[in-house]
Amino acid sequence: MSHDIEPLGFLRTCIDRRFVEASRRKFEEATGLLPVAYWHEAYAGGSARDPSLVANDAKTGNNIYADQYAAEHGATVFGWQAHIDTCGGLPGANNTEIVKALDEHIRAMIAKYPNSLHYRILASNSGIEITRVHPGFAKL
Ligand SMILES: [Zn+2]
């Protein structure tokens, strides 16, 4: 039995049924995380939209988001997914606007968790593209 501390992660995706399973698989392949080693939040629009709060701290009054919950419980590997080719969470946005919104979200999350690993996941009808963006292999 290993006594190493296994890394934990957090994945935020759109709920679109075309891409959820493949996005999880790509995230696991890229990070080496097992399915039980990361939290997964899914909502319409995914990382191209602002998340809803999951709780409010009764002492501070501050909103708590799922990514914060995961980070506070040990997540250090983050995956931020959105998809193009029509998103029900962003019905008015074209592909360029969705990509721009995803990259803005990722920049904000890197600023929020600068000491963690961040992966950008862009899903489309052509497949799932995953890139580690921080610490950088690729510039946003
Ligand atoms: Zn969507």
# chains A, B, ... in the order shown; residues from 1 in each chain; ligands from 1
$ residues_near_ligand --ligand "ligand 1" --cutoff "10 Å" --atoms "only C-alpha atoms and all ligand atoms" --output "PyMOL selection string"
chain A and resi 13-20+42-49+81-91+98+123
$ residues_around --residues "A:Met109" --least-positions-apart "5" --cutoff "10 Å" --atoms "only C-alpha atoms" --output "PyMOL selection string"
chain A and resi 47+67+78+80+103-104+114+116+118
$ write_last_selection --atoms "N, CA and C atoms" --output "mmCIF file, in the first residue's frame"
data_model
loop_
_atom_site.group_PDB
_atom_site.id
_atom_site.type_symbol
_atom_site.label_atom_id
_atom_site.label_comp_id
_atom_site.auth_asym_id
_atom_site.auth_seq_id
_atom_site.Cartn_x
_atom_site.Cartn_y
_atom_site.Cartn_z
ATOM 1 N N SER A 47 -17.492 25.738 -18.350
ATOM 2 C CA SER A 47 -16.490 26.752 -18.018
ATOM 3 C C SER A 47 -16.547 27.981 -18.922
ATOM 4 N N ASP A 67 -15.625 24.833 -7.136
ATOM 5 C CA ASP A 67 -14.168 24.789 -7.290
ATOM 6 C C ASP A 67 -13.480 25.119 -5.973
ATOM 7 N N PHE A 78 -6.853 21.093 -12.039
ATOM 8 C CA PHE A 78 -8.142 21.616 -12.467
ATOM 9 C C PHE A 78 -8.341 21.441 -13.966
ATOM 10 N N TRP A 80 -10.957 22.675 -17.065
ATOM 11 C CA TRP A 80 -11.999 23.651 -17.394
ATOM 12 C C TRP A 80 -12.485 23.360 -18.806
ATOM 13 N N ASP A 103 -11.711 30.962 -22.319
ATOM 14 C CA ASP A 103 -10.359 31.421 -21.986
ATOM 15 C C ASP A 103 -10.375 32.490 -20.890
ATOM 16 N N GLU A 104 -11.383 33.334 -20.879
ATOM 17 C CA GLU A 104 -11.501 34.320 -19.794
ATOM 18 C C GLU A 104 -11.734 33.623 -18.452
ATOM 19 N N PRO A 114 -3.181 29.915 -8.392
ATOM 20 C CA PRO A 114 -1.942 30.017 -9.181
ATOM 21 C C PRO A 114 -0.958 28.881 -8.947
ATOM 22 N N SER A 116 -1.713 25.678 -8.735
ATOM 23 C CA SER A 116 -2.280 24.410 -9.191
ATOM 24 C C SER A 116 -2.039 24.215 -10.678
ATOM 25 N N HIS A 118 -3.568 23.540 -14.371
ATOM 26 C CA HIS A 118 -4.819 23.881 -15.058
ATOM 27 C C HIS A 118 -4.814 23.320 -16.477
#
$ select_by_dssp --residues "chain A" --states "alpha helix (DSSP H)" --output "ChimeraX atom specification"
/A:20-31,66-72,95-112
$ write_last_selection --atoms "N, CA and C atoms" --output "mmCIF file, in the first residue's frame"
data_model
loop_
_atom_site.group_PDB
_atom_site.id
_atom_site.type_symbol
_atom_site.label_atom_id
_atom_site.label_comp_id
_atom_site.auth_asym_id
_atom_site.auth_seq_id
_atom_site.Cartn_x
_atom_site.Cartn_y
_atom_site.Cartn_z
ATOM 1 N N VAL A 20 -19.769 14.877 -22.225
ATOM 2 C CA VAL A 20 -19.419 14.666 -20.809
ATOM 3 C C VAL A 20 -18.480 13.473 -20.630
ATOM 4 N N GLU A 21 -18.859 12.340 -21.180
ATOM 5 C CA GLU A 21 -18.082 11.120 -20.954
ATOM 6 C C GLU A 21 -16.694 11.249 -21.583
ATOM 7 N N ALA A 22 -16.627 11.747 -22.808
ATOM 8 C CA ALA A 22 -15.330 11.882 -23.483
ATOM 9 C C ALA A 22 -14.455 12.926 -22.797
ATOM 10 N N SER A 23 -15.071 13.969 -22.257
ATOM 11 C CA SER A 23 -14.283 14.984 -21.553
ATOM 12 C C SER A 23 -13.682 14.403 -20.280
ATOM 13 N N ARG A 24 -14.464 13.602 -19.566
ATOM 14 C CA ARG A 24 -13.939 12.954 -18.363
ATOM 15 C C ARG A 24 -12.766 12.044 -18.721
ATOM 16 N N ARG A 25 -12.910 11.271 -19.785
ATOM 17 C CA ARG A 25 -11.854 10.333 -20.189
ATOM 18 C C ARG A 25 -10.579 11.080 -20.563
ATOM 19 N N LYS A 26 -10.724 12.156 -21.321
ATOM 20 C CA LYS A 26 -9.548 12.940 -21.727
ATOM 21 C C LYS A 26 -8.859 13.566 -20.519
ATOM 22 N N PHE A 27 -9.665 14.060 -19.583
ATOM 23 C CA PHE A 27 -9.111 14.663 -18.368
ATOM 24 C C PHE A 27 -8.325 13.609 -17.580
ATOM 25 N N GLU A 28 -8.892 12.412 -17.478
ATOM 26 C CA GLU A 28 -8.214 11.334 -16.749
ATOM 27 C C GLU A 28 -6.926 10.916 -17.458
ATOM 28 N N GLU A 29 -6.959 10.827 -18.770
ATOM 29 C CA GLU A 29 -5.755 10.446 -19.529
ATOM 30 C C GLU A 29 -4.653 11.489 -19.368
ATOM 31 N N ALA A 30 -5.030 12.767 -19.437
ATOM 32 C CA ALA A 30 -4.026 13.838 -19.396
ATOM 33 C C ALA A 30 -3.428 13.998 -18.005
ATOM 34 N N THR A 31 -4.237 13.749 -16.964
ATOM 35 C CA THR A 31 -3.787 14.040 -15.602
ATOM 36 C C THR A 31 -3.352 12.800 -14.836
ATOM 37 N N ALA A 66 -18.204 25.420 -6.188
ATOM 38 C CA ALA A 66 -17.732 24.029 -6.159
ATOM 39 C C ALA A 66 -16.216 23.960 -6.306
ATOM 40 N N ASP A 67 -15.625 24.833 -7.136
ATOM 41 C CA ASP A 67 -14.168 24.789 -7.290
ATOM 42 C C ASP A 67 -13.480 25.119 -5.973
ATOM 43 N N GLN A 68 -14.051 26.040 -5.199
ATOM 44 C CA GLN A 68 -13.467 26.379 -3.896
ATOM 45 C C GLN A 68 -13.606 25.221 -2.927
ATOM 46 N N TYR A 69 -14.781 24.592 -2.945
ATOM 47 C CA TYR A 69 -14.991 23.429 -2.077
ATOM 48 C C TYR A 69 -13.919 22.392 -2.372
ATOM 49 N N ALA A 70 -13.708 22.102 -3.667
ATOM 50 C CA ALA A 70 -12.714 21.095 -4.056
ATOM 51 C C ALA A 70 -11.313 21.545 -3.640
ATOM 52 N N ALA A 71 -10.990 22.812 -3.893
ATOM 53 C CA ALA A 71 -9.653 23.306 -3.550
ATOM 54 C C ALA A 71 -9.420 23.210 -2.043
ATOM 55 N N GLU A 72 -10.449 23.552 -1.275
ATOM 56 C CA GLU A 72 -10.308 23.491 0.181
ATOM 57 C C GLU A 72 -10.186 22.058 0.685
ATOM 58 N N ASN A 95 -19.228 30.117 -31.975
ATOM 59 C CA ASN A 95 -18.047 29.368 -31.523
ATOM 60 C C ASN A 95 -16.952 30.292 -31.013
ATOM 61 N N THR A 96 -16.694 31.390 -31.714
ATOM 62 C CA THR A 96 -15.635 32.319 -31.310
ATOM 63 C C THR A 96 -15.927 32.906 -29.936
ATOM 64 N N GLU A 97 -17.173 33.266 -29.693
ATOM 65 C CA GLU A 97 -17.559 33.848 -28.403
ATOM 66 C C GLU A 97 -17.454 32.824 -27.265
ATOM 67 N N ILE A 98 -17.787 31.585 -27.553
ATOM 68 C CA ILE A 98 -17.677 30.538 -26.528
ATOM 69 C C ILE A 98 -16.214 30.320 -26.157
ATOM 70 N N VAL A 99 -15.351 30.260 -27.162
ATOM 71 C CA VAL A 99 -13.916 30.050 -26.900
ATOM 72 C C VAL A 99 -13.362 31.212 -26.085
ATOM 73 N N LYS A 100 -13.767 32.426 -26.436
ATOM 74 C CA LYS A 100 -13.303 33.609 -25.704
ATOM 75 C C LYS A 100 -13.767 33.541 -24.240
ATOM 76 N N ALA A 101 -15.016 33.162 -24.031
ATOM 77 C CA ALA A 101 -15.546 33.065 -22.665
ATOM 78 C C ALA A 101 -14.820 31.975 -21.873
ATOM 79 N N LEU A 102 -14.525 30.861 -22.520
ATOM 80 C CA LEU A 102 -13.778 29.789 -21.853
ATOM 81 C C LEU A 102 -12.410 30.296 -21.417
ATOM 82 N N ASP A 103 -11.711 30.962 -22.319
ATOM 83 C CA ASP A 103 -10.359 31.421 -21.986
ATOM 84 C C ASP A 103 -10.375 32.490 -20.890
ATOM 85 N N GLU A 104 -11.383 33.334 -20.879
ATOM 86 C CA GLU A 104 -11.501 34.320 -19.794
ATOM 87 C C GLU A 104 -11.734 33.623 -18.452
ATOM 88 N N HIS A 105 -12.571 32.612 -18.465
ATOM 89 C CA HIS A 105 -12.846 31.849 -17.245
ATOM 90 C C HIS A 105 -11.567 31.186 -16.750
ATOM 91 N N ILE A 106 -10.818 30.602 -17.667
ATOM 92 C CA ILE A 106 -9.592 29.899 -17.270
ATOM 93 C C ILE A 106 -8.580 30.891 -16.691
ATOM 94 N N ARG A 107 -8.458 32.045 -17.318
ATOM 95 C CA ARG A 107 -7.525 33.054 -16.772
ATOM 96 C C ARG A 107 -7.908 33.426 -15.338
ATOM 97 N N ALA A 108 -9.204 33.571 -15.091
ATOM 98 C CA ALA A 108 -9.663 33.912 -13.735
ATOM 99 C C ALA A 108 -9.369 32.774 -12.753
ATOM 100 N N MET A 109 -9.516 31.539 -13.208
ATOM 101 C CA MET A 109 -9.276 30.398 -12.320
ATOM 102 C C MET A 109 -7.782 30.223 -12.045
ATOM 103 N N ILE A 110 -6.943 30.506 -13.038
ATOM 104 C CA ILE A 110 -5.488 30.460 -12.806
ATOM 105 C C ILE A 110 -5.098 31.528 -11.788
ATOM 106 N N ALA A 111 -5.700 32.703 -11.894
ATOM 107 C CA ALA A 111 -5.414 33.763 -10.929
ATOM 108 C C ALA A 111 -5.880 33.358 -9.528
ATOM 109 N N LYS A 112 -6.987 32.601 -9.470
ATOM 110 C CA LYS A 112 -7.547 32.168 -8.188
ATOM 111 C C LYS A 112 -6.715 31.048 -7.560
#
$ select_by_dssp --residues "stretch 18-128 of chain A" --states "strand (DSSP E or B)" --output "PyMOL selection string"
chain A and resi 38-42+55-56+63-64+75-83+117-124+127-128
$ write_last_selection --atoms "C-alpha atoms" --output "PDB file, in the first residue's frame"
ATOM      1  CA  TYR A  38     -11.678  14.387  -8.759  1.00  0.00           C
ATOM      2  CA  TRP A  39     -14.829  16.352  -8.165  1.00  0.00           C
ATOM      3  CA  HIS A  40     -16.945  17.019 -11.253  1.00  0.00           C
ATOM      4  CA  GLU A  41     -19.315  19.922 -11.558  1.00  0.00           C
ATOM      5  CA  ALA A  42     -21.484  20.075 -14.647  1.00  0.00           C
ATOM      6  CA  ALA A  55     -23.276  27.310  -0.484  1.00  0.00           C
ATOM      7  CA  ASN A  56     -22.851  30.426   1.568  1.00  0.00           C
ATOM      8  CA  ASN A  63     -20.440  32.627  -1.452  1.00  0.00           C
ATOM      9  CA  ILE A  64     -18.825  29.211  -1.889  1.00  0.00           C
ATOM     10  CA  ALA A  75      -7.817  19.594  -5.318  1.00  0.00           C
ATOM     11  CA  THR A  76      -4.681  20.794  -7.098  1.00  0.00           C
ATOM     12  CA  VAL A  77      -5.413  19.701 -10.676  1.00  0.00           C
ATOM     13  CA  PHE A  78      -8.142  21.616 -12.467  1.00  0.00           C
ATOM     14  CA  GLY A  79      -9.932  20.953 -15.757  1.00  0.00           C
ATOM     15  CA  TRP A  80     -11.999  23.651 -17.394  1.00  0.00           C
ATOM     16  CA  GLN A  81     -14.251  22.430 -20.195  1.00  0.00           C
ATOM     17  CA  ALA A  82     -16.589  24.114 -22.604  1.00  0.00           C
ATOM     18  CA  HIS A  83     -17.710  23.098 -26.081  1.00  0.00           C
ATOM     19  CA  LEU A 117      -2.236  22.669 -12.561  1.00  0.00           C
ATOM     20  CA  HIS A 118      -4.819  23.881 -15.058  1.00  0.00           C
ATOM     21  CA  TYR A 119      -6.076  22.102 -18.156  1.00  0.00           C
ATOM     22  CA  ARG A 120      -8.171  23.691 -20.905  1.00  0.00           C
ATOM     23  CA  ILE A 121     -10.651  21.340 -22.509  1.00  0.00           C
ATOM     24  CA  LEU A 122     -12.449  22.367 -25.671  1.00  0.00           C
ATOM     25  CA  ALA A 123     -15.000  19.885 -26.975  1.00  0.00           C
ATOM     26  CA  SER A 124     -16.547  19.941 -30.423  1.00  0.00           C
ATOM     27  CA  GLY A 127     -13.335  15.694 -30.805  1.00  0.00           C
ATOM     28  CA  ILE A 128     -11.951  16.780 -27.448  1.00  0.00           C
TER      29      ILE A 128
END
$ atom_distance --atom1 "atom CA of A:Leu11" --atom2 "atom CA of A:Leu33"
10.9 Å
$ closest_residue --among "A:Ile130, A:Leu8, A:Ala58, A:Leu53" --to "A:Pro35" --atoms "only C-alpha atoms"
A:Leu8
$ closest_residue --among "A:Gly136, A:Gly74, A:Lys59, A:Asp50" --to "A:Pro7" --atoms "only C-alpha atoms"
A:Gly74
$ atom_distance --atom1 "atom CA of A:Pro135" --atom2 "atom CA of A:His73"
21.2 Å
